[in-house]
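> My questions all concern the structure below.
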Amino acid sequence: MATDVCPVKSEPALSFTQGLILGQLSVVLLIAAFIKFFIFGDPPSPEVTASLRATERRSRTLAHKKSLLSLRIANARQAPQQPALSKKKSSILRPSPPTLTIGSILSKTYYKVDSHQPESLDWFNVLVAQAVAQFRSDAQHDDAILTSLTKALNGTSRPDFVDEIRVTELSLGEDFPIFSNCRIIPVDEDGLDFGPGKAFDADTATRDGARLQARMDVDLSDMITLAVETKLLLNYPKKLSAVLPVALAVSVVRFSGTLSISFVPSNPSENTPTKMTFTFLDDYRLDFSIRSLMGSRSRLQDVPKIAQLVESRLHQWFDDRCVEPRFQEIALPSMWPRKKNTRGGDDAIADAERSMSKAKGVEVAKDLREEARKEVAAEADARADRGQDTLRYRRRPRAEDAFSLSGTMPGSLPGMSIDIPT
């Protein structure tokens with residue numbers, strides 16, 4: 001008869017305590033590796049980062065151009081060819097002058113697109129430097145820019161876990177941007193150039209809706225700094241469970257790129273004004289210097305990962321606004337001379353006389369108000385003095401007090417005095 005044999009249970013190689021310790025050690029090692037390589041890891045060099053960003057921007061620009069070209073081909077195939085309707089011109093009105101085309105503008109200004117040398121912009125640099133210097137002077141005179149920055153940083157887009165943001169440092173720099181190597185390039189209606197190596201045909205460009213575009217190189221080496229401080233709030237499981245002070249300083253060290261400016265003519269049928277558009281080509285370089293400080297007692301200073309995140313967001317903000325294919329558009333006012341915009345000459349003298357008479361009137365009114373104020377103060381002081389004298393000599397009369405009147409009364413004998421009891 002076979003006997004049943006109970007299987008022997010295999011004991012675990014590690015006990016519960018040993019497994020718990022091993023698990024805790026693995027978690028600690030993972031956290032340490034994450035902190036070392038992800039937060040405190042050495043960032044890539046600025047040259048490598050700039051090259052990667054330039055490659056990404058260039059690929060985005062090429063993809064946009066390719067999509068525009070494919071859309072043009074599709075529209076050209078689908079659009080039916082309609083015969084042009086000939087309108088009979090009126091014989092009463094005078095013929096309008098011919099419309100200025102790109103070819104006529106270039107010929108009358110003696111500018112050859114294919115052979116003209118790039119121009120220096122020394123005079124333009126002086127004007128821009130004066131404008132920038134005036135802007136910095138106005139910013140130092142009052143706190144308008146500081147107030148605007150504080151309102152913008154603490155606007156509705158600020159998340160709930162971020163406390164009030166306070167600006168601690170603001171420096172607008174000391175140097176000025178330098179513009180150079182300006183050239184005129186014809187582009188099509190979408191802002192794309194006609195490609196290198198092709199001879200420029202003004203008639204073809206006019207039919208295709210082309211316009212002229214000015215491109216110039218921009219270079220700025222300065223230290224424009226904005227420093228802020230705030231607190232990160234932890235509102236879970238209850239409000240203000242933890243607070244982490246954070247200080248951040250961002251400085252623009254250098255900017256170099258190509259600025260593109262063009263004019264979009266007005267359209268009277270759509271009632272649109274003349275507009276100026278500007279954008280930067282994708283070959284720009286923007287370098288930052290970012291300093292950070294986290295914590296109150298044990299502080300972490302200049303965390304590389306925070307610097308990378310902030311720099312990436314700033315580059316994305318700039319690319320989304322004024323780097324091709326995106327551009328900024330500014331509506332220009334009418335440039336026709338108007339009387340209300342005239343300054344100088346007799347009008348300047350009349351304005352000066354009016355301002356002087358107004359200033360004199362203000363001074364006279366100020367003197368009259370001062371004199372009236374002094375008179376009112378003098379009357380108040382005199383009234384107060386009379387009130388004090390009345391209170392000083394006013395007391396209840398007594399029986400033994402008598403006033404003697406010296407001298408004689410009319411009809412009395414000489415040498416006679418009269419005592420009047422009170």
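Note on naming: chains are A, B, ... as they come in the structure tokens, residues start from 1 per chain, ligands start from 1 in the order shown.
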Write out as number ranges by chain the residues lying within 12 Å of A:Phe176, counting only C-alpha atoms and excluding same-chain residues fewer than 2 positions away.
A: 124-136, 172-174, 178-179, 218-224, 254-255
> Please identify all polymer residues within 12 Å of A:Arg291, counting only C-alpha atoms, omitting same-chain residues fewer than 2 positions from it, and present them as a PyMOL selection string.
chain A and resi 225-229+246-252+288-289+293-294+300-308+310-311
> Using DSSP assignments from the backbone, pull out every residue in stretch 97-183 of chain A that falls under helix (DSSP H, G or I) and give it to me as an MDAnalysis selection string.
chainID A and resid 102:108 122:141 144:153
> Write out as number ranges by chain the residues lying within 6 Å of stretch 209-215 of chain A, counting only C-alpha atoms and excluding same-chain residues fewer than 2 positions away.
A: 182-189, 205-207, 259-262
> Can you work out which one of A:Leu192, A:Thr274, A:Gly23, A:Ala139 has the shortest atom-to-atom distance to A:Leu69, counting only C-alpha atoms?
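Of A:Leu192, A:Thr274, A:Gly23, A:Ala139, the one nearest A:Leu69, counting only C-alpha atoms, is A:Leu192.
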> Just to confirm, what's the straight-line distance from atom CA of A:Ile73 to atom CA of A:Phe327 in Å (one decimal)?
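Those two atoms sit 24.2 Å apart.
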> Choose the residue, out of A:Phe16, A:Tyr284, A:Phe278, A:Tyr111, that has the smallest atom-to-atom separation from A:Ser256; count only C-alpha atoms.
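Residue with the minimum atom-to-atom distance to A:Ser256: A:Tyr284.
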> Determine, counting only C-alpha atoms, which protein, DNA and RNA residues have an atom within 6 Å of an atom of A:Gly295; residues of the same chain fewer than 2 positions away are not included. Present the result as JSON, numbers by chain.
{"A": [244, 245, 299]}
